[in-house]
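Q: Got a structure for you, run_25.cif, holding mmCIF, C-alpha atoms.
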data_start
#
loop_
_atom_site.group_PDB
_atom_site.id
_atom_site.type_symbol
_atom_site.label_atom_id
_atom_site.label_comp_id
_atom_site.auth_asym_id
_atom_site.auth_seq_id
_atom_site.Cartn_x
_atom_site.Cartn_y
_atom_site.Cartn_z
ATOM 1 C CA MET A 1 48.903 75.814 -104.678
ATOM 2 C CA ALA A 2 51.919 73.509 -104.327
ATOM 3 C CA LYS A 3 53.393 75.848 -101.718
ATOM 4 C CA GLN A 4 50.113 75.754 -99.720
ATOM 5 C CA ASN A 5 50.036 71.956 -99.831
ATOM 6 C CA SER A 6 53.637 71.929 -98.640
ATOM 7 C CA SER A 7 52.721 74.150 -95.641
ATOM 8 C CA ILE A 8 49.798 71.906 -94.714
ATOM 9 C CA SER A 9 52.028 68.863 -94.983
ATOM 10 C CA SER A 10 54.670 70.474 -92.755
ATOM 11 C CA PHE A 11 52.042 71.330 -90.139
ATOM 12 C CA ARG A 12 50.770 67.765 -90.156
ATOM 13 C CA ARG A 13 54.300 66.445 -89.669
ATOM 14 C CA PHE A 14 54.755 68.908 -86.793
ATOM 15 C CA MET A 15 51.550 67.661 -85.185
ATOM 16 C CA LEU A 16 52.434 63.993 -85.592
ATOM 17 C CA GLN A 17 56.129 64.137 -84.810
ATOM 18 C CA ILE A 18 56.329 66.802 -82.083
ATOM 19 C CA LEU A 19 53.064 68.094 -80.682
ATOM 20 C CA ALA A 20 51.181 64.774 -80.380
ATOM 21 C CA PRO A 21 54.054 62.966 -78.576
ATOM 22 C CA LEU A 22 54.510 66.010 -76.328
ATOM 23 C CA LEU A 23 50.826 65.951 -75.394
ATOM 24 C CA LEU A 24 51.030 62.225 -74.704
ATOM 25 C CA ILE A 25 54.049 62.764 -72.453
ATOM 26 C CA ILE A 26 52.263 65.561 -70.578
ATOM 27 C CA CYS A 27 49.112 63.453 -70.134
ATOM 28 C CA ALA A 28 51.172 60.487 -68.963
ATOM 29 C CA GLY A 29 53.022 62.711 -66.523
ATOM 30 C CA LEU A 30 49.812 64.163 -65.144
ATOM 31 C CA ALA A 31 48.298 60.690 -64.781
ATOM 32 C CA LEU A 32 51.451 59.529 -62.984
ATOM 33 C CA PHE A 33 51.308 62.525 -60.643
ATOM 34 C CA ASN A 34 47.625 61.847 -59.938
ATOM 35 C CA TYR A 35 48.392 58.192 -59.131
ATOM 36 C CA PHE A 36 51.327 59.193 -56.918
ATOM 37 C CA PHE A 37 49.208 61.801 -55.121
ATOM 38 C CA GLU A 38 46.398 59.344 -54.451
ATOM 39 C CA GLN A 39 48.639 56.504 -53.304
ATOM 40 C CA ASN A 40 51.048 58.567 -51.209
ATOM 41 C CA VAL A 41 48.882 61.376 -49.843
ATOM 42 C CA VAL A 42 45.134 60.698 -50.218
ATOM 43 C CA LEU A 43 45.327 57.071 -49.066
ATOM 44 C CA LYS A 44 48.255 57.402 -46.647
ATOM 45 C CA SER A 45 46.524 59.289 -43.857
ATOM 46 C CA GLN A 46 44.394 57.023 -41.686
ATOM 47 C CA ILE A 47 42.593 60.013 -40.200
ATOM 48 C CA SER A 48 41.308 61.263 -43.571
ATOM 49 C CA GLY A 49 37.775 60.572 -44.702
ATOM 50 C CA ALA A 50 39.036 59.496 -48.128
ATOM 51 C CA TYR A 51 41.190 56.754 -46.589
ATOM 52 C CA LYS A 52 38.328 55.511 -44.412
ATOM 53 C CA ILE A 53 35.805 55.429 -47.256
ATOM 54 C CA ASN A 54 38.261 53.597 -49.491
ATOM 55 C CA ARG A 55 39.020 51.146 -46.680
ATOM 56 C CA ILE A 56 35.366 50.301 -45.956
ATOM 57 C CA ILE A 57 34.600 49.817 -49.662
ATOM 58 C CA ASN A 58 37.683 47.915 -50.798
ATOM 59 C CA GLU A 59 39.136 46.115 -47.767
ATOM 60 C CA THR A 60 37.913 43.284 -45.575
ATOM 61 C CA ASN A 61 39.740 42.661 -42.320
ATOM 62 C CA PRO A 62 38.019 39.587 -40.817
ATOM 63 C CA ASP A 63 38.998 40.309 -37.212
ATOM 64 C CA GLU A 64 38.359 44.046 -37.316
ATOM 65 C CA ILE A 65 35.695 45.632 -35.100
ATOM 66 C CA PRO A 66 34.704 48.926 -36.748
ATOM 67 C CA ILE A 67 33.722 52.152 -35.017
ATOM 68 C CA PHE A 68 31.373 54.353 -37.061
ATOM 69 C CA GLY A 69 30.195 57.878 -36.406
ATOM 70 C CA SER A 70 30.920 61.581 -36.435
ATOM 71 C CA SER A 71 33.728 63.726 -35.060
ATOM 72 C CA ARG A 72 32.528 62.808 -31.573
ATOM 73 C CA SER A 73 33.627 59.219 -32.207
ATOM 74 C CA ILE A 74 36.934 60.320 -33.775
ATOM 75 C CA MET A 75 37.787 62.396 -30.706
ATOM 76 C CA GLY A 76 36.165 60.139 -28.128
ATOM 77 C CA LEU A 77 37.063 56.490 -28.730
ATOM 78 C CA ILE A 78 40.673 55.245 -28.644
ATOM 79 C CA PRO A 79 40.803 52.023 -30.725
ATOM 80 C CA ASP A 80 43.926 50.498 -29.156
ATOM 81 C CA SER A 81 42.543 51.106 -25.666
ATOM 82 C CA LEU A 82 39.473 49.047 -26.569
ATOM 83 C CA GLY A 83 41.470 46.198 -28.088
ATOM 84 C CA ALA A 84 43.886 45.184 -30.816
ATOM 85 C CA ASN A 85 41.352 44.890 -33.637
ATOM 86 C CA TYR A 86 39.360 48.129 -33.458
ATOM 87 C CA PHE A 87 39.454 50.823 -36.154
ATOM 88 C CA ASN A 88 37.775 54.237 -35.993
ATOM 89 C CA TYR A 89 35.957 55.119 -39.252
ATOM 90 C CA GLY A 90 34.428 58.353 -37.944
ATOM 91 C CA ILE A 91 34.353 61.334 -40.316
ATOM 92 C CA ASN A 92 34.424 64.979 -39.266
ATOM 93 C CA GLY A 93 31.290 66.911 -40.116
ATOM 94 C CA ALA A 94 29.422 63.790 -41.252
ATOM 95 C CA TYR A 95 26.041 62.839 -39.840
ATOM 96 C CA TYR A 96 23.960 59.679 -39.838
ATOM 97 C CA ASN A 97 23.424 59.317 -43.591
ATOM 98 C CA VAL A 98 27.202 58.776 -43.809
ATOM 99 C CA THR A 99 27.212 56.448 -40.793
ATOM 100 C CA LEU A 100 24.529 54.346 -42.483
ATOM 101 C CA PHE A 101 26.623 54.176 -45.664
ATOM 102 C CA PHE A 102 29.500 52.724 -43.631
ATOM 103 C CA LEU A 103 27.120 50.401 -41.823
ATOM 104 C CA GLU A 104 25.684 49.025 -45.066
ATOM 105 C CA GLU A 105 29.161 48.438 -46.483
ATOM 106 C CA GLU A 106 30.226 46.673 -43.282
ATOM 107 C CA CYS A 107 27.195 44.383 -43.296
ATOM 108 C CA LYS A 108 28.218 43.063 -46.714
ATOM 109 C CA LYS A 109 31.312 41.512 -45.138
ATOM 110 C CA LYS A 110 31.872 38.267 -43.280
ATOM 111 C CA LYS A 111 33.560 38.898 -39.945
ATOM 112 C CA ASN A 112 34.889 36.722 -37.166
ATOM 113 C CA ASN A 113 33.439 39.073 -34.558
ATOM 114 C CA PRO A 114 29.787 40.176 -34.908
ATOM 115 C CA TRP A 115 30.217 43.500 -33.090
ATOM 116 C CA ILE A 116 29.825 46.892 -34.760
ATOM 117 C CA ILE A 117 30.369 50.010 -32.631
ATOM 118 C CA LEU A 118 28.313 53.081 -33.531
ATOM 119 C CA ASN A 119 28.579 56.544 -32.058
ATOM 120 C CA LEU A 120 25.060 57.841 -31.420
ATOM 121 C CA ASP A 121 25.041 61.630 -31.334
ATOM 122 C CA PRO A 122 22.734 63.026 -28.662
ATOM 123 C CA PHE A 123 21.525 65.548 -31.233
ATOM 124 C CA GLY A 124 19.488 62.982 -33.186
ATOM 125 C CA LEU A 125 19.743 61.468 -36.654
ATOM 126 C CA ARG A 126 20.479 64.105 -39.296
ATOM 127 C CA ASN A 127 21.920 64.418 -42.801
ATOM 128 C CA GLY A 128 25.304 65.919 -43.636
ATOM 129 C CA ILE A 129 28.409 64.684 -45.466
ATOM 130 C CA GLY A 130 31.188 66.957 -44.191
ATOM 131 C CA ASP A 131 34.197 67.584 -46.445
ATOM 132 C CA ILE A 132 33.411 66.727 -50.089
ATOM 133 C CA ALA A 133 37.076 65.846 -50.619
ATOM 134 C CA SER A 134 36.526 62.664 -48.604
ATOM 135 C CA TYR A 135 34.361 61.176 -51.355
ATOM 136 C CA ILE A 136 36.190 62.062 -54.575
ATOM 137 C CA HIS A 137 38.556 59.077 -54.749
ATOM 138 C CA ASN A 138 35.608 56.662 -54.749
ATOM 139 C CA VAL A 139 33.140 58.872 -56.578
ATOM 140 C CA GLN A 140 32.335 56.164 -59.144
ATOM 141 C CA ASN A 141 30.757 54.071 -56.377
ATOM 142 C CA SER A 142 26.976 54.396 -56.709
ATOM 143 C CA SER A 143 26.459 54.820 -52.956
ATOM 144 C CA ILE A 144 28.994 57.653 -52.893
ATOM 145 C CA LYS A 145 27.173 59.419 -55.720
ATOM 146 C CA THR A 146 23.951 59.080 -53.758
ATOM 147 C CA LEU A 147 25.583 60.577 -50.670
ATOM 148 C CA LEU A 148 26.976 63.513 -52.642
ATOM 149 C CA ASP A 149 23.606 64.190 -54.279
ATOM 150 C CA THR A 150 23.688 67.744 -55.683
ATOM 151 C CA ALA A 151 27.310 68.154 -54.542
ATOM 152 C CA TYR A 152 28.383 65.626 -57.175
ATOM 153 C CA LYS A 153 30.236 67.158 -60.143
ATOM 154 C CA PRO A 154 31.110 65.302 -63.395
ATOM 155 C CA TYR A 155 34.703 66.580 -63.252
ATOM 156 C CA PHE A 156 35.218 64.490 -60.085
ATOM 157 C CA ASN A 157 35.883 61.637 -62.558
ATOM 158 C CA ILE A 158 38.711 63.475 -64.366
ATOM 159 C CA PRO A 159 42.226 62.892 -62.950
ATOM 160 C CA LEU A 160 43.864 66.034 -61.491
ATOM 161 C CA LEU A 161 40.801 68.156 -62.111
ATOM 162 C CA ASN A 162 38.897 66.059 -59.589
ATOM 163 C CA TYR A 163 41.029 67.311 -56.698
ATOM 164 C CA PHE A 164 41.139 70.937 -57.822
ATOM 165 C CA GLY A 165 40.464 73.079 -54.777
ATOM 166 C CA TYR A 166 40.997 70.152 -52.382
ATOM 167 C CA TYR A 167 44.749 69.518 -52.563
ATOM 168 C CA GLU A 168 45.307 71.639 -49.445
ATOM 169 C CA ASN A 169 42.789 69.559 -47.496
ATOM 170 C CA PHE A 170 44.656 66.336 -48.242
ATOM 171 C CA PHE A 171 48.119 67.725 -47.553
ATOM 172 C CA ARG A 172 46.888 69.222 -44.265
ATOM 173 C CA LEU A 173 45.474 65.886 -43.084
ATOM 174 C CA TYR A 174 48.580 64.038 -44.256
ATOM 175 C CA LEU A 175 50.896 66.377 -42.333
ATOM 176 C CA ARG A 176 48.649 66.316 -39.260
ATOM 177 C CA ASP A 177 48.758 62.533 -39.248
ATOM 178 C CA LYS A 178 52.568 62.632 -39.355
ATOM 179 C CA SER A 179 53.050 65.411 -36.808
ATOM 180 C CA ASP A 180 53.073 65.231 -33.023
ATOM 181 C CA LEU A 181 50.687 68.160 -32.555
ATOM 182 C CA LYS A 182 47.811 65.729 -32.115
ATOM 183 C CA ILE A 183 47.532 62.103 -31.098
ATOM 184 C CA SER A 184 46.393 59.684 -33.790
ATOM 185 C CA ASN A 185 45.388 56.074 -33.354
ATOM 186 C CA LYS A 186 43.836 53.823 -36.015
ATOM 187 C CA GLY A 187 41.619 56.459 -37.577
ATOM 188 C CA ALA A 188 41.014 58.436 -34.387
ATOM 189 C CA THR A 189 42.652 61.774 -33.636
ATOM 190 C CA PHE A 190 42.758 63.588 -30.309
ATOM 191 C CA GLU A 191 43.463 67.047 -28.967
ATOM 192 C CA LYS A 192 46.339 66.857 -26.497
ATOM 193 C CA ASN A 193 45.819 70.137 -24.691
ATOM 194 C CA SER A 194 43.003 71.562 -22.621
ATOM 195 C CA ILE A 195 41.304 74.778 -23.652
ATOM 196 C CA PRO A 196 42.191 77.732 -21.358
ATOM 197 C CA LYS A 197 39.437 78.210 -18.761
ATOM 198 C CA ARG A 198 38.536 81.690 -20.006
ATOM 199 C CA ASP A 199 38.013 80.395 -23.548
ATOM 200 C CA PHE A 200 36.060 77.371 -22.387
ATOM 201 C CA ASP A 201 33.804 79.514 -20.183
ATOM 202 C CA ARG A 202 33.048 81.621 -23.269
ATOM 203 C CA MET A 203 32.103 78.454 -25.190
ATOM 204 C CA VAL A 204 29.825 77.405 -22.350
ATOM 205 C CA ALA A 205 28.087 80.801 -22.385
ATOM 206 C CA GLU A 206 27.614 80.572 -26.155
ATOM 207 C CA ARG A 207 26.214 77.062 -25.831
ATOM 208 C CA HIS A 208 23.731 78.212 -23.189
ATOM 209 C CA ASP A 209 22.474 80.890 -25.580
ATOM 210 C CA ALA A 210 22.329 78.576 -28.624
ATOM 211 C CA GLN A 211 19.186 76.912 -29.892
ATOM 212 C CA PRO A 212 18.893 73.141 -29.323
ATOM 213 C CA LEU A 213 20.378 71.158 -32.203
ATOM 214 C CA TYR A 214 18.200 68.066 -32.071
ATOM 215 C CA GLY A 215 16.806 66.718 -35.330
ATOM 216 C CA MET A 216 15.280 63.374 -36.274
ATOM 217 C CA ASP A 217 14.967 62.328 -39.905
ATOM 218 C CA PRO A 218 12.317 59.571 -39.945
ATOM 219 C CA ALA A 219 13.806 58.029 -43.093
ATOM 220 C CA LEU A 220 17.229 57.690 -41.457
ATOM 221 C CA LYS A 221 15.696 56.171 -38.334
ATOM 222 C CA GLN A 222 13.742 53.597 -40.318
ATOM 223 C CA ARG A 223 16.751 52.766 -42.471
ATOM 224 C CA LEU A 224 18.864 52.215 -39.351
ATOM 225 C CA LEU A 225 16.277 49.918 -37.760
ATOM 226 C CA ASN A 226 15.891 47.988 -41.020
ATOM 227 C CA ILE A 227 19.640 47.344 -41.241
ATOM 228 C CA ILE A 228 19.730 46.026 -37.680
ATOM 229 C CA GLU A 229 16.733 43.749 -38.213
ATOM 230 C CA GLN A 230 18.022 42.450 -41.565
ATOM 231 C CA HIS A 231 21.380 41.406 -40.083
ATOM 232 C CA PRO A 232 20.745 39.214 -37.031
ATOM 233 C CA GLU A 233 24.251 37.778 -37.471
ATOM 234 C CA ARG A 234 25.745 41.120 -36.365
ATOM 235 C CA TYR A 235 25.534 42.858 -32.981
ATOM 236 C CA PHE A 236 25.135 46.644 -33.032
ATOM 237 C CA VAL A 237 26.590 48.447 -30.017
ATOM 238 C CA PHE A 238 25.674 52.135 -29.786
ATOM 239 C CA VAL A 239 27.387 54.580 -27.471
ATOM 240 C CA ILE A 240 26.763 58.231 -26.636
ATOM 241 C CA VAL A 241 30.065 60.013 -26.024
ATOM 242 C CA PRO A 242 30.097 62.523 -23.129
ATOM 243 C CA TYR A 243 28.958 66.079 -23.802
ATOM 244 C CA HIS A 244 29.160 69.129 -21.562
ATOM 245 C CA SER A 245 26.216 69.939 -19.307
ATOM 246 C CA SER A 246 25.774 73.278 -21.104
ATOM 247 C CA CYS A 247 24.422 71.435 -24.173
ATOM 248 C CA ARG A 248 20.874 71.784 -22.770
ATOM 249 C CA MET A 249 20.084 68.125 -23.354
ATOM 250 C CA ALA A 250 17.003 68.449 -21.135
ATOM 251 C CA ASP A 251 15.292 70.197 -24.061
ATOM 252 C CA TYR A 252 15.249 67.011 -26.122
ATOM 253 C CA MET A 253 16.218 64.184 -23.778
ATOM 254 C CA PRO A 254 12.744 62.582 -24.025
ATOM 255 C CA ARG A 255 13.140 62.140 -27.807
ATOM 256 C CA LEU A 256 16.658 60.746 -27.369
ATOM 257 C CA ASP A 257 15.386 58.328 -24.722
ATOM 258 C CA THR A 258 12.657 57.164 -27.108
ATOM 259 C CA LEU A 259 15.248 56.421 -29.795
ATOM 260 C CA CYS A 260 17.414 54.516 -27.299
ATOM 261 C CA ARG A 261 14.459 52.441 -26.099
ATOM 262 C CA THR A 262 13.542 51.572 -29.684
ATOM 263 C CA ILE A 263 17.069 50.382 -30.410
ATOM 264 C CA ASN A 264 17.294 48.451 -27.145
ATOM 265 C CA SER A 265 14.076 46.638 -27.992
ATOM 266 C CA LEU A 266 15.913 44.844 -30.805
ATOM 267 C CA LYS A 267 17.586 41.526 -29.953
ATOM 268 C CA ASN A 268 20.903 42.330 -31.618
ATOM 269 C CA ALA A 269 21.423 45.936 -30.490
ATOM 270 C CA HIS A 270 22.242 47.824 -27.307
ATOM 271 C CA VAL A 271 22.784 51.487 -26.404
ATOM 272 C CA PHE A 272 25.238 52.679 -23.761
ATOM 273 C CA ASN A 273 24.239 56.221 -22.874
ATOM 274 C CA LEU A 274 27.411 57.635 -21.330
ATOM 275 C CA GLY A 275 26.635 61.178 -22.454
ATOM 276 C CA THR A 276 26.204 62.457 -18.906
ATOM 277 C CA MET A 277 29.323 60.740 -17.599
ATOM 278 C CA PRO A 278 30.852 63.236 -15.114
ATOM 279 C CA LEU A 279 33.988 64.857 -16.524
ATOM 280 C CA ASN A 280 35.731 68.042 -15.443
ATOM 281 C CA ASP A 281 35.855 70.951 -17.868
ATOM 282 C CA ASP A 282 39.555 70.326 -18.528
ATOM 283 C CA LYS A 283 38.608 66.986 -20.119
ATOM 284 C CA PHE A 284 36.703 68.737 -22.919
ATOM 285 C CA PHE A 285 37.986 70.231 -26.160
ATOM 286 C CA ASN A 286 34.713 72.130 -26.548
ATOM 287 C CA THR A 287 31.181 71.696 -25.205
ATOM 288 C CA SER A 288 30.355 68.758 -27.506
ATOM 289 C CA HIS A 289 33.764 67.026 -27.817
ATOM 290 C CA ILE A 290 36.150 65.613 -25.237
ATOM 291 C CA ASN A 291 39.933 65.905 -25.510
ATOM 292 C CA TYR A 292 42.522 63.140 -25.228
ATOM 293 C CA ASN A 293 42.501 63.082 -21.413
ATOM 294 C CA GLY A 294 38.725 62.841 -21.483
ATOM 295 C CA ALA A 295 38.916 60.118 -24.141
ATOM 296 C CA ILE A 296 41.209 58.017 -21.931
ATOM 297 C CA ILE A 297 38.650 58.056 -19.106
ATOM 298 C CA PHE A 298 35.647 57.574 -21.358
ATOM 299 C CA THR A 299 37.171 54.776 -23.461
ATOM 300 C CA GLN A 300 38.015 52.811 -20.319
ATOM 301 C CA ALA A 301 34.444 53.222 -19.053
ATOM 302 C CA PHE A 302 33.072 52.070 -22.398
ATOM 303 C CA LYS A 303 35.468 49.113 -22.446
ATOM 304 C CA ASP A 304 34.208 48.081 -19.015
ATOM 305 C CA SER A 305 30.632 48.285 -20.342
ATOM 306 C CA LEU A 306 31.566 46.095 -23.314
ATOM 307 C CA MET A 307 33.031 43.488 -21.004
ATOM 308 C CA VAL A 308 29.772 43.351 -19.055
ATOM 309 C CA LEU A 309 27.815 43.063 -22.310
ATOM 310 C CA ASN A 310 30.102 40.269 -23.509
ATOM 311 C CA MET A 311 29.452 38.251 -20.345
ATOM 312 C CA ARG A 312 25.676 38.220 -20.839
#
Do you think you could lay out the structure here as structure tokens?
A:
Amino acid sequence: MAKQNSSISSFRRFMLQILAPLLLIICAGLALFNYFFEQNVVLKSQISGAYKINRIINETNPDEIPIFGSSRSIMGLIPDSLGANYFNYGINGAYYNVTLFFLEEECKKKKNNPWIILNLDPFGLRNGIGDIASYIHNVQNSSIKTLLDTAYKPYFNIPLLNYFGYYENFFRLYLRDKSDLKISNKGATFEKNSIPKRDFDRMVAERHDAQPLYGMDPALKQRLLNIIEQHPERYFVFVIVPYHSSCRMADYMPRLDTLCRTINSLKNAHVFNLGTMPLNDDKFFNTSHINYNGAIIFTQAFKDSLMVLNMR
């Protein structure tokens, strides 16, 4: 019995003197790696959704004029061409439920300029969050949990495990932001090259054959109108970025026009419908997104429109 007690005692000493400190060191190392990864990769790329969500939640830049929207805003509006204080918060693959999240966060802040720029997709107001990785860093925020809905997983709260399966996404965005393959500017990112004509013609043919994409979620529409009406101190400027004529907008233009008229009826909101702005095919990246050369032309046209609006 004494020998058994001695073995138990030795095991306890092993646990306390060697294994427990080793586990603490490993945990500390993993926590340090997680902190380093978040600070130097996740939050270092201005074109990543994670950076933009963290910025809108945790930062207030009094002179900033935000641009909210989908990939069409990311690839369409050049912040520095509009002015020194613009920042593009658009998120790839995200629809209007995400735009409204950004809008609600923005309206909590006191700004020196009342303007808020919103990309209005010609395809209506729909739900969609895009890359889940964008939301993990701020997953404890109640609004983020609501956005994730059934995509939310409890392990998103556990360091290291939370990014499992998403590390590649973050490193890819980080490297893209640092490379010269694309043009980045204050949250926006642009395709430098035109698509070869043969490939673009194929896209046009596919778009002609595709079903119309329009969708209108009544709850999103009402929520948008409520935000505008509840914040008379802010001015909401909507813009429709150019799309290719093959998008068959005639199929749902009446519904889009109705939405625009409803927004324009509000005292503190205005829609600039530049969707049919004439652009050559070489100014498009695909049938629903313009490239950098197209963005230069479009951003200047939108800037001119803003100047007219500002003089009213």
Q: List the spatial neighbours of range 132-137 of chain A as a PyMOL selection string - criterion: any atom at most 7 Å away, only C-alpha atoms, same-chain residues fewer than 2 positions off excluded.
A: chain A and resi 49-50+130+139+144+156+162+166
Q: If you count only C-alpha atoms, which residues fall within 6 Å of Ile74 in chain A, apart from same-chain ones fewer than 4 positions away, as a VMD selection string?
A: chain A and resid 90 188 to 189
Q: Point out the residue among A:Phe285, A:Asp149, A:Asn157, A:Gln222 with the least atom-to-atom distance to Val204 in chain A, counting all atoms listed in the file.
A: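 With all atoms listed in the file as the atom set, the closest residue is A:Phe285.
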Q: Select, from A:Phe298, A:Tyr155, A:Phe236, A:Phe123, the residue with the minimum atom-to-atom distance to Tyr96 in chain A, counting all atoms listed in the file.
A: A:Phe123
Q: So, with all atoms listed in the file as the atoms that count, which of A:Val239, A:Ile47, A:Leu256, A:Leu279 lies closest to Ser305 in chain A?
A: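 Selected residue with least distance to Ser305 in chain A: A:Val239.
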Q: Using only C-alpha atoms, which of A:Phe87, A:Phe68, A:Phe37, A:Phe302 sits nearest Glu104 in chain A?
A: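 Result for the nearest residue to Glu104 in chain A: A:Phe68.
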Q: Suppose a student applies the PyMOL selection byres ((chain A and resi 113) around 7) to this structure; what residues should they get, written as a list in words?
A: Asp63, Ile65, Lys111, Asn112, Pro114 and Trp115 of chain A
Q: So what do you get for CA of Gly275 in chain A versus CA of Ile240 in chain A, distance-wise?
A: 5.1 Å
Q: Could you give me, as a CSV table (one decimal) with C-alpha atoms, in the frame of the given file, the residues that have an atom at most 10 Å away from the point (34.9, 66.4, -15.4) in the coordinates of the file, using all atoms listed in the file?
A:
chain,number,residue,atom,x,y,z
A,242,PRO,CA,30.1,62.5,-23.1
A,244,HIS,CA,29.2,69.1,-21.6
A,277,MET,CA,29.3,60.7,-17.6
A,278,PRO,CA,30.9,63.2,-15.1
A,279,LEU,CA,34.0,64.9,-16.5
A,280,ASN,CA,35.7,68.0,-15.4
A,281,ASP,CA,35.9,71.0,-17.9
A,282,ASP,CA,39.6,70.3,-18.5
A,283,LYS,CA,38.6,67.0,-20.1
A,284,PHE,CA,36.7,68.7,-22.9
A,290,ILE,CA,36.2,65.6,-25.2
A,294,GLY,CA,38.7,62.8,-21.5
A,297,ILE,CA,38.6,58.1,-19.1
Q: What is the CA of Asp121 in chain A-CA of Gly69 in chain A distance in Å, reported with one decimal?
A: 8.1 Å
Q: Mind checking which residues fall within 9 Å of range 105-108 of chain A, counting all atoms listed in the file, ignoring those fewer than 5 positions away in the same chain, and posting them as number ranges by chain?
A: A: 56-57, 60, 66, 100, 116, 227, 231, 234
Q: Point out the residue among A:Met253, A:Val42, A:Arg72, A:Lys52 with the least atom-to-atom distance to Tyr163 in chain A, counting only C-alpha atoms.
A: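 The answer is A:Val42, which sits nearest to Tyr163 in chain A.
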Q: Could you tell me how far CA of Gly124 in chain A lies from CA of Phe238 in chain A, in Å and to one decimal?
A: 12.9 Å
Q: Name the residues in contact with Ile183 in chain A at a cut-off of 12 Å, using only C-alpha atoms, excluding same-chain residues fewer than 2 positions from it; report them as a list in words.
A: Ile47, Ile74, Met75, Gly76, Ile78, Arg176, Asp177, Lys178, Ser179, Asp180, Leu181, Asn185, Lys186, Gly187, Ala188, Thr189, Phe190, Glu191, Lys192, Asn193, Asn291, Tyr292, Asn293, Ala295 and Ile296 of chain A
Q: Box for range 191-195 of chain A: with edges along x, y and z, all listed atoms inside and 4 Å added on each side, what are the centre and edge lengths in Å to one decimal, as AutoDock Vina command-line options?
A:
--center_x 43.8 --center_y 70.8 --center_z -25.8 --size_x 13.0 --size_y 15.9 --size_z 14.3
Q: Leaving out His208 in chain A and any residue of its chain fewer than 4 positions from it, which residues lie within 9 Å of it when counting only C-alpha atoms, given as a list in words?
A: Met203, Val204, Ser246, Cys247 and Arg248 of chain A
Q: Since we have the selection now, will you write its residues out, keeping C-alpha atoms, as a short mmCIF file (atom, residue, chain, number, x, y, z; two decimals), in the coordinates of the input?
A:
data_model
loop_
_atom_site.label_atom_id
_atom_site.label_comp_id
_atom_site.auth_asym_id
_atom_site.auth_seq_id
_atom_site.Cartn_x
_atom_site.Cartn_y
_atom_site.Cartn_z
CA MET A 203 32.10 78.45 -25.19
CA VAL A 204 29.82 77.40 -22.35
CA SER A 246 25.77 73.28 -21.10
CA CYS A 247 24.42 71.44 -24.17
CA ARG A 248 20.87 71.78 -22.77
#
Q: Using all atoms listed in the file, pick whichever of A:Ser245, A:Cys260, A:Gln300, A:Arg198 has the shortest atom-to-atom distance to Ser81 in chain A.
A: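 Of all the options, A:Gln300 lies closest to Ser81 in chain A.
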